[in-house]
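**Q** Next comes data_4.pdb, PDB, C-alpha atoms, pLDDT in the B column:
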ATOM      1  CA  MET F  23       0.000   0.000   0.000  1.00 40.00           C
ATOM      2  CA  LYS F  24       1.312   3.415  -0.921  1.00 45.00           C
ATOM      3  CA  GLU F  25       1.946   5.624   2.092  1.00 43.00           C
ATOM      4  CA  THR F  26       0.188   8.966   2.185  1.00 50.00           C
ATOM      5  CA  LYS F  27       2.482  11.684   3.442  1.00 69.00           C
ATOM      6  CA  GLU F  28       0.839  14.016   5.941  1.00 76.00           C
ATOM      7  CA  LYS F  29       0.543  17.596   4.807  1.00 85.00           C
ATOM      8  CA  PRO F  30       2.811  19.752   7.000  1.00 91.00           C
ATOM      9  CA  ILE F  31       1.031  21.666   9.719  1.00 97.00           C
ATOM     10  CA  THR F  32       1.234  25.411   9.168  1.00 98.00           C
ATOM     11  CA  VAL F  33       0.797  27.935  11.954  1.00 98.00           C
ATOM     12  CA  LEU F  34       0.468  31.537  10.819  1.00 98.00           C
ATOM     13  CA  ALA F  35       1.783  34.072  13.327  1.00 98.00           C
ATOM     14  CA  VAL F  36       0.554  37.648  13.080  1.00 98.00           C
ATOM     15  CA  SER F  37       3.206  39.821  14.716  1.00 98.00           C
ATOM     16  CA  GLY F  38       2.004  43.194  15.987  1.00 97.00           C
ATOM     17  CA  SER F  39       5.483  44.583  16.592  1.00 96.00           C
ATOM     18  CA  GLU F  40       6.990  47.324  14.463  1.00 93.00           C
ATOM     19  CA  HIS F  41      10.499  46.026  15.271  1.00 90.00           C
ATOM     20  CA  PRO F  42      11.606  43.283  12.836  1.00 83.00           C
ATOM     21  CA  SER F  43      14.289  42.074  15.253  1.00 86.00           C
ATOM     22  CA  GLY F  44      12.762  42.984  18.621  1.00 89.00           C
ATOM     23  CA  ASN F  45      11.544  40.890  21.524  1.00 90.00           C
ATOM     24  CA  THR F  46       8.407  39.633  19.786  1.00 94.00           C
ATOM     25  CA  ALA F  47      10.478  38.506  16.798  1.00 94.00           C
ATOM     26  CA  ASP F  48      12.868  36.706  19.172  1.00 91.00           C
ATOM     27  CA  VAL F  49       9.979  34.816  20.763  1.00 94.00           C
ATOM     28  CA  LEU F  50       8.636  33.875  17.321  1.00 96.00           C
ATOM     29  CA  ASP F  51      12.088  32.599  16.317  1.00 95.00           C
ATOM     30  CA  HIS F  52      11.967  30.457  19.453  1.00 93.00           C
ATOM     31  CA  ALA F  53       8.455  29.314  18.522  1.00 96.00           C
ATOM     32  CA  ALA F  54       9.576  28.369  15.010  1.00 97.00           C
ATOM     33  CA  LYS F  55      12.212  26.008  16.419  1.00 96.00           C
ATOM     34  CA  ILE F  56       9.654  24.356  18.690  1.00 97.00           C
ATOM     35  CA  LEU F  57       7.253  23.845  15.792  1.00 98.00           C
ATOM     36  CA  VAL F  58       9.940  22.458  13.472  1.00 97.00           C
ATOM     37  CA  ALA F  59      10.760  19.863  16.120  1.00 97.00           C
ATOM     38  CA  ARG F  60       7.066  18.862  16.046  1.00 96.00           C
ATOM     39  CA  GLY F  61       6.999  18.629  12.248  1.00 96.00           C
ATOM     40  CA  ALA F  62       5.183  21.931  11.806  1.00 97.00           C
ATOM     41  CA  VAL F  63       6.011  25.198  10.047  1.00 97.00           C
ATOM     42  CA  LEU F  64       5.679  28.754  11.337  1.00 98.00           C
ATOM     43  CA  ASP F  65       4.738  31.388   8.763  1.00 97.00           C
ATOM     44  CA  VAL F  66       5.086  34.931  10.127  1.00 98.00           C
ATOM     45  CA  VAL F  67       3.267  38.061   9.009  1.00 97.00           C
ATOM     46  CA  HIS F  68       5.146  41.122  10.247  1.00 96.00           C
ATOM     47  CA  LEU F  69       2.553  43.868  10.397  1.00 97.00           C
ATOM     48  CA  GLY F  70       5.383  46.400  10.638  1.00 95.00           C
ATOM     49  CA  ARG F  71       6.276  45.524   7.045  1.00 95.00           C
ATOM     50  CA  ALA F  72       2.703  45.324   5.754  1.00 96.00           C
ATOM     51  CA  ARG F  73       0.379  48.004   4.407  1.00 95.00           C
ATOM     52  CA  VAL F  74      -2.481  48.174   6.876  1.00 94.00           C
ATOM     53  CA  THR F  75      -4.585  51.279   6.338  1.00 89.00           C
ATOM     54  CA  PRO F  76      -6.513  52.491   9.399  1.00 86.00           C
ATOM     55  CA  CYS F  77     -10.280  52.271   9.265  1.00 82.00           C
ATOM     56  CA  GLY F  78     -11.635  55.267   7.364  1.00 76.00           C
ATOM     57  CA  PRO F  79     -14.678  57.510   7.780  1.00 75.00           C
ATOM     58  CA  CYS F  80     -16.987  55.519   5.485  1.00 75.00           C
ATOM     59  CA  GLY F  81     -18.800  53.964   8.451  1.00 71.00           C
ATOM     60  CA  ASP F  82     -20.834  51.479   6.437  1.00 75.00           C
ATOM     61  CA  CYS F  83     -19.050  48.269   7.462  1.00 76.00           C
ATOM     62  CA  ASN F  84     -21.997  46.967   9.465  1.00 70.00           C
ATOM     63  CA  VAL F  85     -24.513  47.407   6.658  1.00 75.00           C
ATOM     64  CA  ARG F  86     -22.445  46.749   3.529  1.00 75.00           C
ATOM     65  CA  PRO F  87     -22.381  42.983   2.720  1.00 77.00           C
ATOM     66  CA  LEU F  88     -19.053  43.216   0.875  1.00 82.00           C
ATOM     67  CA  PRO F  89     -15.410  43.022   2.016  1.00 87.00           C
ATOM     68  CA  CYS F  90     -13.562  46.227   2.803  1.00 85.00           C
ATOM     69  CA  ALA F  91     -12.640  48.109  -0.364  1.00 84.00           C
ATOM     70  CA  LEU F  92      -9.440  49.724   0.978  1.00 86.00           C
ATOM     71  CA  ASP F  93      -6.487  48.680  -1.170  1.00 89.00           C
ATOM     72  CA  ASP F  94      -3.759  47.366   1.122  1.00 93.00           C
ATOM     73  CA  ASP F  95      -2.361  44.062   2.464  1.00 96.00           C
ATOM     74  CA  VAL F  96      -5.172  43.143   4.857  1.00 96.00           C
ATOM     75  CA  ALA F  97      -7.103  40.987   2.381  1.00 95.00           C
ATOM     76  CA  SER F  98      -4.015  38.945   1.443  1.00 97.00           C
ATOM     77  CA  ILE F  99      -3.086  38.446   5.122  1.00 98.00           C
ATOM     78  CA  VAL F 100      -6.603  37.220   5.831  1.00 97.00           C
ATOM     79  CA  GLN F 101      -6.270  34.708   2.987  1.00 97.00           C
ATOM     80  CA  ARG F 102      -3.024  33.431   4.518  1.00 98.00           C
ATOM     81  CA  MET F 103      -4.839  33.030   7.845  1.00 98.00           C
ATOM     82  CA  ILE F 104      -7.623  31.061   6.165  1.00 97.00           C
ATOM     83  CA  ALA F 105      -5.088  28.756   4.490  1.00 97.00           C
ATOM     84  CA  ALA F 106      -3.221  28.007   7.739  1.00 98.00           C
ATOM     85  CA  ASP F 107      -4.038  25.227  10.216  1.00 97.00           C
ATOM     86  CA  GLY F 108      -3.468  27.440  13.245  1.00 98.00           C
ATOM     87  CA  ILE F 109      -3.348  31.138  14.072  1.00 98.00           C
ATOM     88  CA  LEU F 110      -0.914  32.679  16.536  1.00 98.00           C
ATOM     89  CA  TYR F 111      -1.361  36.292  17.636  1.00 98.00           C
ATOM     90  CA  ALA F 112       1.919  37.722  18.961  1.00 98.00           C
ATOM     91  CA  THR F 113       2.176  41.299  20.127  1.00 97.00           C
ATOM     92  CA  PRO F 114       4.022  43.584  22.530  1.00 96.00           C
ATOM     93  CA  VAL F 115       2.353  45.759  25.142  1.00 96.00           C
ATOM     94  CA  HIS F 116       2.428  49.451  24.169  1.00 95.00           C
ATOM     95  CA  GLY F 117       1.037  52.260  26.295  1.00 93.00           C
ATOM     96  CA  PHE F 118      -0.715  49.845  28.689  1.00 95.00           C
ATOM     97  CA  GLY F 119      -2.540  48.191  25.784  1.00 96.00           C
ATOM     98  CA  THR F 120      -2.303  46.166  22.589  1.00 97.00           C
ATOM     99  CA  ALA F 121       0.259  47.544  20.142  1.00 97.00           C
ATOM    100  CA  ALA F 122      -1.354  49.867  17.598  1.00 96.00           C
ATOM    101  CA  LEU F 123      -0.348  47.760  14.593  1.00 96.00           C
ATOM    102  CA  MET F 124      -2.136  44.726  15.982  1.00 97.00           C
ATOM    103  CA  GLN F 125      -5.197  46.708  17.037  1.00 96.00           C
ATOM    104  CA  GLY F 126      -5.439  48.350  13.612  1.00 95.00           C
ATOM    105  CA  PHE F 127      -5.195  44.992  11.871  1.00 97.00           C
ATOM    106  CA  ILE F 128      -7.810  43.397  14.130  1.00 96.00           C
ATOM    107  CA  GLU F 129     -10.248  46.221  13.371  1.00 93.00           C
ATOM    108  CA  ARG F 130      -9.731  46.129   9.618  1.00 93.00           C
ATOM    109  CA  ALA F 131      -9.649  42.344   9.271  1.00 94.00           C
ATOM    110  CA  GLY F 132     -12.485  41.714  11.679  1.00 92.00           C
ATOM    111  CA  VAL F 133     -15.030  44.221  10.450  1.00 89.00           C
ATOM    112  CA  GLY F 134     -13.935  44.348   6.817  1.00 90.00           C
ATOM    113  CA  HIS F 135     -13.294  40.667   6.052  1.00 90.00           C
ATOM    114  CA  LEU F 136     -13.975  38.124   8.793  1.00 91.00           C
ATOM    115  CA  ARG F 137     -17.460  39.008   9.995  1.00 86.00           C
ATOM    116  CA  PHE F 138     -19.296  37.837   6.865  1.00 82.00           C
ATOM    117  CA  THR F 139     -18.810  34.055   7.143  1.00 85.00           C
ATOM    118  CA  ARG F 140     -16.324  33.737  10.049  1.00 89.00           C
ATOM    119  CA  PRO F 141     -13.789  31.868   7.852  1.00 93.00           C
ATOM    120  CA  LEU F 142     -11.440  31.326  10.803  1.00 95.00           C
ATOM    121  CA  ALA F 143     -14.030  29.230  12.637  1.00 94.00           C
ATOM    122  CA  ASN F 144     -12.426  26.100  14.158  1.00 94.00           C
ATOM    123  CA  LYS F 145      -8.871  27.206  13.426  1.00 96.00           C
ATOM    124  CA  VAL F 146      -6.651  26.347  16.376  1.00 98.00           C
ATOM    125  CA  ALA F 147      -5.469  29.569  17.998  1.00 98.00           C
ATOM    126  CA  GLY F 148      -2.842  30.759  20.451  1.00 98.00           C
ATOM    127  CA  VAL F 149      -1.680  34.085  21.897  1.00 98.00           C
ATOM    128  CA  ILE F 150       1.788  35.336  22.906  1.00 97.00           C
ATOM    129  CA  VAL F 151       2.365  38.676  24.650  1.00 96.00           C
ATOM    130  CA  THR F 152       5.722  40.385  25.215  1.00 95.00           C
ATOM    131  CA  GLY F 153       6.388  43.454  27.314  1.00 90.00           C
ATOM    132  CA  ARG F 154       7.925  44.856  30.455  1.00 86.00           C
ATOM    133  CA  ARG F 155       6.028  44.642  33.740  1.00 84.00           C
ATOM    134  CA  TYR F 156       2.540  45.951  33.034  1.00 91.00           C
ATOM    135  CA  SER F 157      -0.747  45.191  31.233  1.00 95.00           C
ATOM    136  CA  HIS F 158       0.315  41.794  29.903  1.00 93.00           C
ATOM    137  CA  THR F 159      -2.826  40.011  31.043  1.00 95.00           C
ATOM    138  CA  GLU F 160      -5.094  42.769  29.720  1.00 96.00           C
ATOM    139  CA  VAL F 161      -3.536  42.487  26.266  1.00 97.00           C
ATOM    140  CA  TYR F 162      -3.633  38.700  26.450  1.00 97.00           C
ATOM    141  CA  SER F 163      -7.348  38.812  27.315  1.00 97.00           C
ATOM    142  CA  HIS F 164      -8.019  41.220  24.442  1.00 97.00           C
ATOM    143  CA  LEU F 165      -6.509  38.855  21.878  1.00 98.00           C
ATOM    144  CA  VAL F 166      -8.126  35.798  23.447  1.00 97.00           C
ATOM    145  CA  LYS F 167     -11.525  37.464  23.089  1.00 97.00           C
ATOM    146  CA  ASN F 168     -10.790  38.237  19.439  1.00 97.00           C
ATOM    147  CA  ALA F 169      -9.927  34.592  18.781  1.00 97.00           C
ATOM    148  CA  LEU F 170     -13.156  33.496  20.456  1.00 95.00           C
ATOM    149  CA  LEU F 171     -15.164  36.096  18.542  1.00 93.00           C
ATOM    150  CA  ASN F 172     -13.907  34.489  15.346  1.00 94.00           C
ATOM    151  CA  ARG F 173     -14.938  31.063  16.709  1.00 94.00           C
ATOM    152  CA  MET F 174     -11.417  29.716  16.799  1.00 96.00           C
ATOM    153  CA  ILE F 175     -10.391  26.863  19.094  1.00 96.00           C
ATOM    154  CA  LEU F 176      -8.180  28.346  21.797  1.00 96.00           C
ATOM    155  CA  VAL F 177      -5.789  25.974  23.550  1.00 92.00           C
ATOM    156  CA  GLY F 178      -4.540  26.607  27.070  1.00 84.00           C
ATOM    157  CA  SER F 179      -1.005  26.329  28.357  1.00 82.00           C
ATOM    158  CA  GLY F 180      -1.490  26.695  32.089  1.00 88.00           C
ATOM    159  CA  MET F 181      -0.205  30.194  32.764  1.00 91.00           C
ATOM    160  CA  PRO F 182      -0.564  32.632  29.813  1.00 93.00           C
ATOM    161  CA  PRO F 183       2.364  32.648  27.318  1.00 93.00           C
ATOM    162  CA  ILE F 184       3.743  36.009  28.467  1.00 93.00           C
ATOM    163  CA  VAL F 185       7.438  36.722  27.955  1.00 93.00           C
ATOM    164  CA  TYR F 186       9.179  39.646  29.602  1.00 89.00           C
ATOM    165  CA  SER F 187      11.027  41.957  27.210  1.00 74.00           C
ATOM    166  CA  GLY F 188      14.777  41.525  27.092  1.00 61.00           C
ATOM    167  CA  GLU F 189      14.608  38.100  28.742  1.00 55.00           C
ATOM    168  CA  VAL F 190      14.160  35.799  25.762  1.00 56.00           C
ATOM    169  CA  GLU F 191      17.832  34.964  25.481  1.00 58.00           C
ATOM    170  CA  SER F 192      18.718  35.549  29.130  1.00 56.00           C
ATOM    171  CA  GLY F 193      15.941  33.216  30.164  1.00 67.00           C
ATOM    172  CA  ASP F 194      12.378  34.030  31.093  1.00 83.00           C
ATOM    173  CA  ALA F 195      12.133  30.305  31.708  1.00 87.00           C
ATOM    174  CA  GLU F 196       8.512  30.266  32.845  1.00 90.00           C
ATOM    175  CA  GLY F 197       7.297  32.401  29.940  1.00 91.00           C
ATOM    176  CA  LEU F 198       9.150  30.325  27.363  1.00 91.00           C
ATOM    177  CA  ASP F 199       7.880  27.110  28.966  1.00 93.00           C
ATOM    178  CA  MET F 200       4.344  28.409  28.542  1.00 94.00           C
ATOM    179  CA  VAL F 201       5.043  29.209  24.880  1.00 95.00           C
ATOM    180  CA  ARG F 202       6.266  25.643  24.372  1.00 96.00           C
ATOM    181  CA  ALA F 203       3.268  24.149  26.191  1.00 97.00           C
ATOM    182  CA  MET F 204       0.842  26.185  24.111  1.00 97.00           C
ATOM    183  CA  LEU F 205       2.507  25.308  20.805  1.00 98.00           C
ATOM    184  CA  ASP F 206       2.612  21.623  21.689  1.00 97.00           C
ATOM    185  CA  ARG F 207      -1.098  21.678  22.449  1.00 97.00           C
ATOM    186  CA  MET F 208      -1.820  23.597  19.232  1.00 98.00           C
ATOM    187  CA  VAL F 209      -0.038  20.921  17.183  1.00 98.00           C
ATOM    188  CA  ASP F 210      -1.771  18.128  19.108  1.00 97.00           C
ATOM    189  CA  MET F 211      -5.196  19.700  18.570  1.00 97.00           C
ATOM    190  CA  ILE F 212      -4.584  20.276  14.850  1.00 97.00           C
ATOM    191  CA  ARG F 213      -3.558  16.632  14.466  1.00 97.00           C
ATOM    192  CA  LEU F 214      -6.591  15.472  16.427  1.00 96.00           C
ATOM    193  CA  LEU F 215      -8.922  17.446  14.164  1.00 95.00           C
ATOM    194  CA  ARG F 216      -7.165  16.059  11.082  1.00 95.00           C
ATOM    195  CA  GLU F 217      -7.480  12.495  12.357  1.00 95.00           C
ATOM    196  CA  HIS F 218     -11.204  12.969  12.989  1.00 93.00           C
ATOM    197  CA  ARG F 219     -11.675  14.328   9.469  1.00 92.00           C
ATOM    198  CA  ALA F 220      -9.735  11.407   7.959  1.00 93.00           C
ATOM    199  CA  LEU F 221     -11.701   8.814   9.933  1.00 94.00           C
ATOM    200  CA  THR F 222     -15.189  10.270   9.541  1.00 93.00           C
ATOM    201  CA  GLY F 223     -15.008  12.318   6.352  1.00 91.00           C
ATOM    202  CA  HIS F 224     -16.272  15.468   8.032  1.00 89.00           C
ATOM    203  CA  ASP F 225     -15.113  18.128  10.482  1.00 88.00           C
ATOM    204  CA  ALA F 226     -15.424  17.511  14.216  1.00 87.00           C
ATOM    205  CA  LEU F 227     -17.169  20.830  14.810  1.00 86.00           C
ATOM    206  CA  SER F 228     -19.788  22.696  12.840  1.00 79.00           C
ATOM    207  CA  PRO F 229     -18.327  25.869  11.329  1.00 70.00           C
ATOM    208  CA  GLN F 230     -21.492  27.831  12.241  1.00 65.00           C
ATOM    209  CA  THR F 231     -20.617  30.455   9.682  1.00 59.00           C
ATOM    210  CA  LEU F 232     -23.780  32.551  10.010  1.00 60.00           C
ATOM    211  CA  ASN F 233     -22.915  36.069  11.056  1.00 62.00           C
ATOM    212  CA  GLU F 234     -24.053  36.676  14.631  1.00 58.00           C
ATOM    213  CA  ARG F 235     -25.723  39.930  13.535  1.00 60.00           C
ATOM    214  CA  HIS F 236     -28.146  38.001  11.356  1.00 59.00           C
ATOM    215  CA  ARG F 237     -31.456  37.074  12.922  1.00 49.00           C
ATOM    216  CA  ALA F 238     -34.381  35.184  11.522  1.00 44.00           C
ATOM    217  CA  GLY F 239     -36.494  37.454   9.378  1.00 43.00           C
ATOM    218  CA  THR F 240     -33.923  40.265   9.193  1.00 44.00           C
TER     219      THR F 240
END
In structure tokens, how does this file's structure come out?

**A**
Amino acid sequence: MKETKEKPITVLAVSGSEHPSGNTADVLDHAAKILVARGAVLDVVHLGRARVTPCGPCGDCNVRPLPCALDDDVASIVQRMIAADGILYATPVHGFGTAALMQGFIERAGVGHLRFTRPLANKVAGVIVTGRRYSHTEVYSHLVKNALLNRMILVGSGMPPIVYSGEVESGDAEGLDMVRAMLDRMVDMIRLLREHRALTGHDALSPQTLNERHRAGT
């Protein structure tokens, strides 16, 4: 019998840092090594290198049934997210909140592209936050809620995967352990979902793609 080679698992990381070689990039380099060891691939979108136009004054996103018409890189990034097996949000803390690049992308992608059919439903998701000594959990919660809004499957790692800035190489051991635990569980969950699909011929979970704004008769 001819062996069927498993398609490599791809995790797409959306990096909200404007620094291509900063702390968030260091953590993602660390994550890439962990995933390679598990037979998976990390694909990184650096929002600092992408064209992400802020939401404009049109104001018709909630009534217009078409994707956002702004001409930038958001649509192509969304397509890369749809093609991936897992989604990893990685961002630093800026000004006691989520970095502006990540927030801007979430607004544009969410309202302009993802709300119509929730195409990220049942993608396996994870969140990594880097920063100094403040607002890590608030930013983590913000991104977790976004993943859940898009009906993704969020895996836990015990403590949140939060890595203190400047301590990736010097050893924020607990933070990096949580990153590893989360990535391991992401890979395990993706494989579990694949196995179910192969055995049964259908997905384990209903995509439930109807927009939550839609109601019967409206």

**Q** Using the chain letters and residue numbers of this document, give as a PyMOL selection string the residues selected by the PyMOL selection byres ((chain F and resi 143) around 12).

**A** chain F and resi 103-104+106-109+136-142+144-147+168-176+225-233

**Q** List every residue of range 126-189 of chain F that has an atom at most 10 Å from any atom of range 200-210 of chain F, and for each one report the closest atom pair and its distance in Å to one decimal, counting all atoms listed in the file, with rows sorted by chain and then by increasing residue number, as a Markdown table.

**A**
| residue | atom | partner | partner_atom | distance |
| --- | --- | --- | --- | --- |
| F:Lys145 | CA | F:Met208 | CA | 9.8 |
| F:Val146 | CA | F:Met208 | CA | 6.2 |
| F:Ala147 | CA | F:Met208 | CA | 7.1 |
| F:Gly148 | CA | F:Met204 | CA | 6.9 |
| F:Val149 | CA | F:Met204 | CA | 8.6 |
| F:Ile150 | CA | F:Val201 | CA | 7.2 |
| F:Val151 | CA | F:Val201 | CA | 9.8 |
| F:Ile175 | CA | F:Met208 | CA | 9.2 |
| F:Leu176 | CA | F:Met208 | CA | 8.3 |
| F:Val177 | CA | F:Met208 | CA | 6.3 |
| F:Gly178 | CA | F:Met204 | CA | 6.2 |
| F:Ser179 | CA | F:Met204 | CA | 4.6 |
| F:Gly180 | CA | F:Met200 | CA | 7.0 |
| F:Met181 | CA | F:Met200 | CA | 6.5 |
| F:Pro182 | CA | F:Met200 | CA | 6.6 |
| F:Pro183 | CA | F:Met200 | CA | 4.8 |
| F:Ile184 | CA | F:Met200 | CA | 7.6 |
| F:Val185 | CA | F:Val201 | CA | 8.5 |

**Q** Convert the output of the PyMOL selection byres ((chain F and resi 49) around 9) on the shown file into explicit residues, formatted as number ranges by chain.

**A** F: 44-48, 50-54, 112, 150, 152, 185, 190, 198, 201

**Q** Could you expand the PyMOL selection byres ((chain F and resi 92) around 9) into the explicit residues it covers here, written as a PyMOL selection string?

**A** chain F and resi 75+77-78+90-91+93-94+96

**Q** Which is closest to Val85 in chain F among F:Ala105, F:Leu221, F:Ala62, F:Gly134, if we use all atoms listed in the file?

**A**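 When distances to Val85 in chain F are compared using all atoms listed in the file, the smallest one comes from F:Gly134.
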
**Q** Let me have the centre and edge lengths in Å, one decimal, of the box along x, y and z around every listed atom of range 158-167 of chain F with 6 Å of margin on each side, as lines of an AutoDock Vina configuration file.

**A**
center_x = -5.6
center_y = 39.3
center_z = 26.5
size_x = 23.8
size_y = 19.0
size_z = 21.2

**Q** So how far away is CA of Gly117 in chain F from CA of Val133 in chain F, in Å?

**A**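 Pair CA of Val133 in chain F / CA of Gly117 in chain F returns 24.0 Å.
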
**Q** CA of Asp199 in chain F and CA of Glu28 in chain F, how far apart in Å?

**A** 27.4 Å

**Q** With distances taken over all atoms listed in the file, which residue among F:Thr120, F:Pro42, F:Pro76, F:Thr32 lies nearest Leu64 in chain F?

**A**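 Under the stated criterion, the closest residue is F:Thr32.
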
**Q** For the atom pair CA of Arg102 in chain F and CA of Asp82 in chain F, what is the interatomic distance in Å to one decimal place?

**A**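 Interatomic distance here is 25.4 Å.
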
**Q** Contacts of Phe118 in chain F at 12 Å or less, counting only C-alpha atoms, minus same-chain residues fewer than 5 places along, as a ChimeraX atom specification?

**A** /F:152-162

**Q** Under the rule that all atoms listed in the file are counted, which of F:Glu196, F:Glu217, F:Glu129, F:Asp65 is the nearest residue to Cys83 in chain F?

**A** F:Glu129

**Q** Looking at only C-alpha atoms, which of F:Leu57, F:Leu34, F:Leu110, F:Met124 is the one that sits closest to Leu69 in chain F?

**A** F:Met124

**Q** Find the residue from F:Arg213, F:Arg60, F:Lys29, F:His135 that sits nearest to Asn84 in chain F; use all atoms listed in the file when measuring.

**A**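 Of F:Arg213, F:Arg60, F:Lys29, F:His135, the one nearest Asn84 in chain F is F:His135, counting all atoms listed in the file.
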
**Q** Name the closest residue to Val166 in chain F among the candidates F:Arg86, F:Tyr111, F:Val66, F:Val100; distances are taken between atoms, counting only C-alpha atoms.

**A**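 Counting only C-alpha atoms, the residue closest to Val166 in chain F is F:Tyr111.
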